[in-house]
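See below for run.txt, which holds compact mmCIF, C-alpha atoms.
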# COMPACT_ATOMS: atom_id res chain seq x y z
CA MET O 1 -65.90 -7.05 9.65
CA SER O 2 -65.86 -5.39 13.06
CA GLY O 3 -63.67 -6.95 15.72
CA GLN O 4 -64.86 -8.60 18.92
CA ALA O 5 -64.28 -7.34 22.46
CA ASN O 6 -60.97 -8.16 24.15
CA VAL O 7 -59.29 -9.04 20.85
CA GLU O 8 -55.67 -7.93 20.52
CA PRO O 9 -55.33 -5.38 17.70
CA ARG O 10 -53.71 -6.64 14.54
CA VAL O 11 -50.56 -4.66 13.74
CA TYR O 12 -49.98 -3.40 10.22
CA ARG O 13 -46.44 -2.29 9.45
CA ALA O 14 -45.90 0.73 7.23
CA GLY O 15 -43.10 2.70 5.60
CA LEU O 16 -42.93 6.39 4.74
CA ALA O 17 -41.17 7.78 1.66
CA LEU O 18 -40.40 11.39 2.55
CA ARG O 19 -39.97 13.73 -0.41
CA GLU O 20 -39.92 17.49 -0.71
CA GLY O 21 -43.56 18.53 -0.59
CA SER O 22 -45.06 15.05 -0.25
CA VAL O 23 -45.04 11.84 1.75
CA GLU O 24 -45.99 8.44 0.35
CA ALA O 25 -47.06 5.82 2.87
CA VAL O 26 -46.94 2.11 2.08
CA VAL O 27 -48.57 -0.59 4.22
CA PHE O 28 -46.23 -3.56 3.93
CA ASP O 29 -48.68 -6.14 5.28
CA LEU O 30 -51.40 -5.14 2.79
CA PRO O 31 -49.70 -5.07 -0.63
CA GLY O 32 -51.21 -2.31 -2.73
CA CYS O 33 -52.43 -0.32 0.28
CA GLN O 34 -50.78 3.10 0.17
CA CYS O 35 -51.50 6.80 0.02
CA VAL O 36 -49.94 10.18 -0.69
CA ALA O 37 -50.07 13.15 1.68
CA SER O 38 -48.55 16.61 1.84
CA ASP O 39 -46.55 15.92 5.01
CA ARG O 40 -45.76 13.27 7.62
CA GLU O 41 -48.54 14.26 10.03
CA GLU O 42 -51.18 14.17 7.32
CA ALA O 43 -49.92 10.75 6.18
CA LEU O 44 -50.12 9.31 9.72
CA ASN O 45 -53.65 10.68 10.16
CA LEU O 46 -54.75 9.31 6.80
CA LEU O 47 -53.19 5.85 7.04
CA PRO O 48 -55.76 4.29 9.42
CA VAL O 49 -58.56 5.41 7.07
CA VAL O 50 -56.66 4.05 4.06
CA ILE O 51 -56.10 0.71 5.80
CA ALA O 52 -59.79 0.48 6.73
CA GLU O 53 -60.80 1.21 3.12
CA HIS O 54 -58.37 -1.40 1.80
CA LEU O 55 -59.72 -4.00 4.22
CA ALA O 56 -63.25 -3.12 3.14
CA TRP O 57 -62.18 -3.59 -0.48
CA LEU O 58 -60.76 -7.04 0.28
CA ASP O 59 -63.90 -7.89 2.23
CA GLN O 60 -66.00 -6.85 -0.77
CA HIS O 61 -64.17 -9.55 -2.72
CA GLY O 62 -64.51 -12.14 0.07
CA ASP O 63 -60.88 -11.96 1.16
CA VAL O 64 -60.71 -10.62 4.73
CA THR O 65 -60.16 -12.74 7.83
CA ARG O 66 -62.10 -12.09 11.01
CA ASP O 67 -58.99 -10.77 12.76
CA ALA O 68 -58.60 -7.80 10.37
CA PHE O 69 -60.20 -5.51 12.98
CA PRO O 70 -59.32 -3.95 15.33
CA PHE O 71 -55.91 -2.89 14.07
CA GLN O 72 -53.08 -0.55 14.88
CA LEU O 73 -50.36 1.04 12.79
CA ASP O 74 -46.61 0.64 13.28
CA VAL O 75 -44.34 2.81 11.11
CA VAL O 76 -41.18 0.70 10.83
CA GLU O 77 -39.34 2.55 8.04
CA GLU O 78 -38.89 6.19 7.06
CA VAL O 79 -36.79 7.05 4.02
CA GLU O 80 -35.61 10.52 2.98
CA VAL O 81 -35.83 9.81 -0.73
CA ASP O 82 -34.21 13.04 -1.90
CA ALA O 83 -31.11 12.21 0.17
CA LEU O 84 -30.55 8.84 -1.52
CA THR O 85 -27.64 8.66 -3.92
CA ASP O 86 -27.50 6.86 -7.25
CA ILE O 87 -31.32 6.58 -7.40
CA ALA O 88 -33.11 7.41 -10.66
CA ASP O 89 -36.50 9.12 -10.53
CA GLY O 90 -36.90 8.30 -6.84
CA GLU O 91 -37.37 4.57 -7.53
CA PHE O 92 -35.86 3.06 -4.37
CA CYS O 93 -36.67 -0.05 -2.36
CA PHE O 94 -37.76 -0.10 1.25
CA ASP O 95 -35.93 -2.66 3.36
CA ASP O 96 -39.21 -4.58 3.48
CA ASP O 97 -39.25 -4.75 -0.33
CA ARG O 98 -35.99 -6.69 -0.15
CA ARG O 99 -37.49 -9.63 1.74
CA PRO O 100 -37.66 -12.68 -0.55
CA THR O 101 -41.15 -13.14 -1.93
CA THR O 102 -42.71 -16.57 -1.41
CA ARG O 103 -44.77 -18.44 -3.99
CA GLU O 104 -47.76 -18.11 -1.68
CA GLU O 105 -47.31 -14.34 -1.57
CA VAL O 106 -47.14 -14.21 -5.36
CA GLU O 107 -50.43 -16.12 -5.63
CA THR O 108 -52.07 -13.90 -3.01
CA ALA O 109 -50.95 -10.80 -4.90
CA LEU O 110 -52.22 -12.26 -8.18
CA ARG O 111 -55.58 -12.82 -6.55
CA HIS O 112 -55.68 -9.22 -5.36
CA MET O 113 -54.63 -8.10 -8.84
CA SER O 114 -57.69 -9.96 -10.15
CA TYR O 115 -59.91 -8.02 -7.73
CA ALA O 116 -58.48 -4.72 -8.97
CA ARG O 117 -58.97 -5.83 -12.58
CA ALA O 118 -62.59 -6.85 -11.87
CA ASP O 119 -63.28 -3.39 -10.44
CA LEU O 120 -61.68 -1.73 -13.46
CA LEU O 121 -63.70 -3.77 -15.94
CA ALA O 122 -66.91 -3.15 -14.01
CA ALA O 123 -66.27 0.59 -14.39
CA VAL O 124 -65.59 0.56 -18.13
CA ARG O 125 -67.04 -2.52 -19.84
CA HIS O 126 -70.35 -0.87 -20.79
CA LEU O 127 -68.95 2.52 -21.81
CA PRO O 128 -69.49 3.45 -25.48
CA ASP O 129 -66.69 4.97 -27.56
CA LEU O 130 -68.09 8.45 -27.03
CA VAL O 131 -67.46 8.16 -23.29
CA LEU O 132 -64.20 6.22 -23.57
CA ASP O 133 -62.76 8.97 -25.77
CA TRP O 134 -64.01 12.01 -23.81
CA VAL O 135 -61.17 14.18 -22.56
CA PRO O 136 -61.89 16.40 -19.54
CA PRO O 137 -61.13 20.13 -19.81
CA THR O 138 -57.42 20.85 -19.57
CA GLY O 139 -57.97 23.06 -16.53
CA ALA O 140 -59.58 20.21 -14.59
CA VAL O 141 -56.34 18.28 -14.14
CA GLU O 142 -52.92 19.42 -12.98
CA VAL O 143 -50.52 17.62 -15.27
CA ASP O 144 -46.93 16.75 -14.40
CA ARG O 145 -44.04 15.12 -16.21
CA TRP O 146 -45.41 11.66 -15.42
CA ALA O 147 -48.76 12.55 -17.01
CA PRO O 148 -48.03 15.42 -19.41
CA ALA O 149 -51.47 15.39 -21.05
CA VAL O 150 -55.02 14.92 -19.83
CA ARG O 151 -56.04 11.37 -20.70
CA SER O 152 -59.35 10.01 -21.86
CA VAL O 153 -60.66 6.85 -20.20
CA ARG O 154 -59.29 4.88 -23.15
CA GLY O 155 -55.94 6.56 -22.64
CA ILE O 156 -55.97 5.57 -18.96
CA LEU O 157 -56.62 1.94 -19.93
CA ASP O 158 -53.69 1.93 -22.34
CA HIS O 159 -51.52 3.49 -19.63
CA ILE O 160 -52.51 0.78 -17.13
CA ALA O 161 -51.50 -1.93 -19.60
CA GLY O 162 -48.16 -0.29 -20.28
CA ALA O 163 -47.43 0.18 -16.58
CA ASP O 164 -48.14 -3.50 -15.88
CA GLY O 165 -45.42 -4.47 -18.33
CA TYR O 166 -43.05 -1.81 -17.00
CA TYR O 167 -43.28 -3.09 -13.43
CA VAL O 168 -42.63 -6.76 -14.21
CA ARG O 169 -39.95 -6.31 -16.84
CA ASN O 170 -37.84 -4.71 -14.11
CA VAL O 171 -37.69 -8.00 -12.19
CA GLY O 172 -36.55 -11.45 -13.23
CA SER O 173 -33.46 -12.76 -14.99
CA ALA O 174 -35.19 -13.89 -18.20
CA PRO O 175 -35.62 -11.36 -21.02
CA TRP O 176 -39.02 -9.66 -21.09
CA ALA O 177 -41.04 -11.16 -23.93
CA GLY O 178 -43.96 -8.74 -23.84
CA PRO O 179 -44.52 -5.36 -25.54
CA ALA O 180 -41.97 -2.67 -24.76
CA GLY O 181 -44.59 -0.04 -23.96
CA PRO O 182 -48.30 0.81 -24.01
CA GLN O 183 -50.20 -0.90 -26.80
CA PRO O 184 -53.65 0.43 -27.79
CA GLY O 185 -56.24 -2.09 -26.65
CA GLY O 186 -53.56 -4.31 -25.07
CA LEU O 187 -55.04 -4.49 -21.57
CA PHE O 188 -55.84 -8.21 -21.64
CA GLU O 189 -52.80 -9.42 -23.57
CA MET O 190 -50.46 -7.50 -21.27
CA ARG O 191 -52.03 -8.90 -18.12
CA GLU O 192 -51.67 -12.44 -19.48
CA ARG O 193 -47.96 -11.82 -20.12
CA VAL O 194 -47.52 -10.23 -16.69
CA VAL O 195 -49.14 -13.12 -14.82
CA GLN O 196 -47.11 -15.66 -16.78
CA ARG O 197 -43.86 -13.86 -15.94
CA LEU O 198 -44.68 -13.52 -12.26
CA ARG O 199 -45.54 -17.21 -11.96
CA THR O 200 -42.34 -18.29 -13.69
CA LEU O 201 -39.92 -16.22 -11.60
CA SER O 202 -37.28 -18.44 -10.05
CA GLU O 203 -36.55 -18.58 -6.33
CA ALA O 204 -33.47 -16.47 -7.02
CA ASP O 205 -35.58 -13.95 -8.95
CA LEU O 206 -38.03 -13.69 -6.05
CA ALA O 207 -35.18 -12.89 -3.67
CA ALA O 208 -33.12 -10.55 -5.86
CA GLU O 209 -32.92 -6.77 -6.01
CA TYR O 210 -32.54 -5.33 -9.50
CA ARG O 211 -30.82 -2.09 -10.51
CA LYS O 212 -32.28 -0.74 -13.74
CA ARG O 213 -31.43 2.33 -15.80
CA GLN O 214 -34.22 3.15 -18.23
CA PRO O 215 -33.49 4.59 -21.71
CA TRP O 216 -34.66 8.05 -20.62
CA GLN O 217 -32.40 8.15 -17.54
CA ALA O 218 -28.91 9.62 -17.84
CA ALA O 219 -27.74 8.74 -14.33
CA GLY O 220 -28.62 6.61 -11.34
CA PHE O 221 -30.63 3.41 -11.20
CA GLU O 222 -34.15 2.36 -10.36
CA HIS O 223 -34.28 -0.32 -7.66
CA TRP O 224 -36.84 -3.12 -7.98
CA THR O 225 -37.81 -6.40 -6.34
CA ALA O 226 -40.66 -8.79 -7.02
CA ARG O 227 -42.34 -7.69 -3.79
CA LYS O 228 -42.21 -4.04 -4.85
CA ALA O 229 -43.51 -4.81 -8.34
CA LEU O 230 -46.48 -6.77 -6.99
CA ARG O 231 -47.64 -4.08 -4.60
CA ARG O 232 -47.18 -1.40 -7.24
CA ILE O 233 -49.34 -3.24 -9.79
CA ILE O 234 -52.20 -3.51 -7.29
CA SER O 235 -52.04 0.08 -6.06
CA HIS O 236 -51.60 1.49 -9.58
CA GLU O 237 -54.68 -0.24 -10.97
CA ARG O 238 -56.82 0.71 -7.97
CA PHE O 239 -55.65 4.33 -8.32
CA HIS O 240 -56.60 4.58 -11.97
CA THR O 241 -59.92 2.81 -11.49
CA ARG O 242 -60.82 5.55 -9.00
CA GLU O 243 -59.57 8.12 -11.50
CA ILE O 244 -61.93 6.72 -14.14
CA GLU O 245 -64.82 6.76 -11.68
CA GLN O 246 -63.94 10.39 -10.95
CA ARG O 247 -64.04 11.19 -14.66
CA LEU O 248 -67.51 9.64 -14.94
CA ALA O 249 -68.70 11.61 -11.92
CA TRP O 250 -67.58 14.82 -13.60
CA LEU O 251 -70.01 14.10 -16.44
CA LEU O 252 -72.83 14.39 -13.91
CA ILE O 253 -71.61 17.07 -11.52
CA GLY O 254 -69.21 19.03 -13.73
CA ALA O 255 -65.43 18.99 -13.81
CA PRO O 256 -63.71 21.03 -11.11
CA LYS O 257 -61.47 23.98 -11.83
CA LEU O 258 -58.43 21.94 -10.85
CA ALA O 259 -57.86 18.40 -9.59
CA ARG O 260 -54.35 17.07 -9.11
CA VAL O 261 -54.01 13.71 -10.80
CA ALA O 262 -50.65 11.93 -10.83
CA THR O 263 -49.80 8.55 -12.29
CA GLY O 264 -49.98 6.69 -8.99
CA SER O 265 -47.49 6.04 -6.24
CA ARG O 266 -43.75 6.08 -6.89
CA ALA O 267 -42.78 4.54 -3.54

Produce structure tokens that represent the structure in this file.
Amino acid sequence: MSGQANVEPRVYRAGLALREGSVEAVVFDLPGCQCVASDREEALNLLPVVIAEHLAWLDQHGDVTRDAFPFQLDVVEEVEVDALTDIADGEFCFDDDRRPTTREEVETALRHMSYARADLLAAVRHLPDLVLDWVPPTGAVEVDRWAPAVRSVRGILDHIAGADGYYVRNVGSAPWAGPAGPQPGGLFEMRERVVQRLRTLSEADLAAEYRKRQPWQAAGFEHWTARKALRRIISHERFHTREIEQRLAWLLIGAPKLARVATGSRA
């Protein structure tokens, strides 16, 4: 994967979502490549490592071109999320999210979604019920309002399925025909519905920005586009696959006193 001498670095554009106490960084040219840091400086230091890991992940699945390395980072957007008005739960769109998504980009994202799903299944397919249903000690995970209880591996799988449906039902003009929320054991059925919906989005759907107020939101709107939904599905599944692998590691090395686990990126 290493680059050759005298090759111009490939430029990867990124955006920063600045919130009180955290910064989320999104690499626009690598959908699903993103990270969370405590501040802007930490995010900028971490991003090159995150990009390199994401490229290695694509390479693992046979999907990296020879010009992936060397690379450089260009931060093209910075958004003070807390200063945005009429936004519910911080769900905004970067300007880059608003670019119309092409059919080719949808198919590329679907392929990368399949890589993330393959990794997830490799981590869990041989686990017996006893492991799937093990819940780590409460003190091992810092819960928040997005994850108010420590989940078992089975619980994480149900959450992934529900999130898939949540992301895609926020885009498109046709009514969502899938389940309204997480369904126990619905991982495969939900993904089938999600892929079908993404492939049947119209050209207008792929170019539109959607304002959504969820039943639990009293004010403001979430902002969604197809481009945003695609990158979020990839990053969310990769995040929780790593979380499951972390859970399995704890069985061997012991759970820590405290590990902060959120539900994945909100940028």

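With distances restricted to all atoms listed in the file, O:Val153 is the closest residue to Asp133 (chain O) from O:Leu55, O:Ala43, O:Cys35, O:Val153.
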
Q: Enter the distance from CA of Glu20 (chain O) to CA of Phe221 (chain O), in Å, rounded to one decimal.
A: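 Taking CA of Glu20 (chain O) as the start and CA of Phe221 (chain O) as the end point, the length is 19.9 Å.
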
Q: Mind checking which residues fall within 9 Å of region 28-33 of chain O, counting all atoms listed in the file, ignoring those fewer than 2 positions away in the same chain, and posting them as a ChimeraX atom specification?
A: /O:11-15,25-26,35,50-51,53-55,96-97,109,112,227-228,230-236,238

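You will find CA of Pro179 (chain O) at 7.3 Å from CA of Gly165 (chain O).
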
Q | Given all atoms listed in the file as the counted atoms, nearest of O:Val49, O:Val171, O:Cys93, O:Val64 to Leu206 (chain O) | A | O:Val171

Q: Please indicate the distance in Å from CA of Ala249 (chain O) to CA of Pro128 (chain O), rounded to one decimal place.
A: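 We find that CA of Ala249 (chain O) and CA of Pro128 (chain O) lie 15.8 Å from each other.
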
**Q.** Distance criterion (only C-alpha atoms): nearest to Thr138 (chain O) out of O:Glu78, O:Arg151, O:His126, O:Leu120
**A.** O:Arg151

Q. Closest to Val168 (chain O) among O:Leu121, O:Ile244, O:Val23, O:Val195, using only C-alpha atoms?
A. O:Val195

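You can rank O:Glu77, O:Asp164, O:Asp59, O:Asp39 by their closest distance to Leu187 (chain O) using all atoms listed in the file, and at the top of that list sits O:Asp164.
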
Q: Name the closest residue to Arg213 (chain O) among the candidates O:Ala88, O:Leu252, O:Leu132, O:Ala177; distances are taken between atoms, counting only C-alpha atoms.
A: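 Counting only C-alpha atoms, the residue closest to Arg213 (chain O) is O:Ala88.
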
Q. Can you tell me, as a ChimeraX atom specification, what residues are no more than 12 Å from Ala52 (chain O) when counting all atoms listed in the file, ignoring any on the same chain fewer than 6 positions away?
A. /O:1-2,12,27,30,33-34,46,58-59,64,68-73
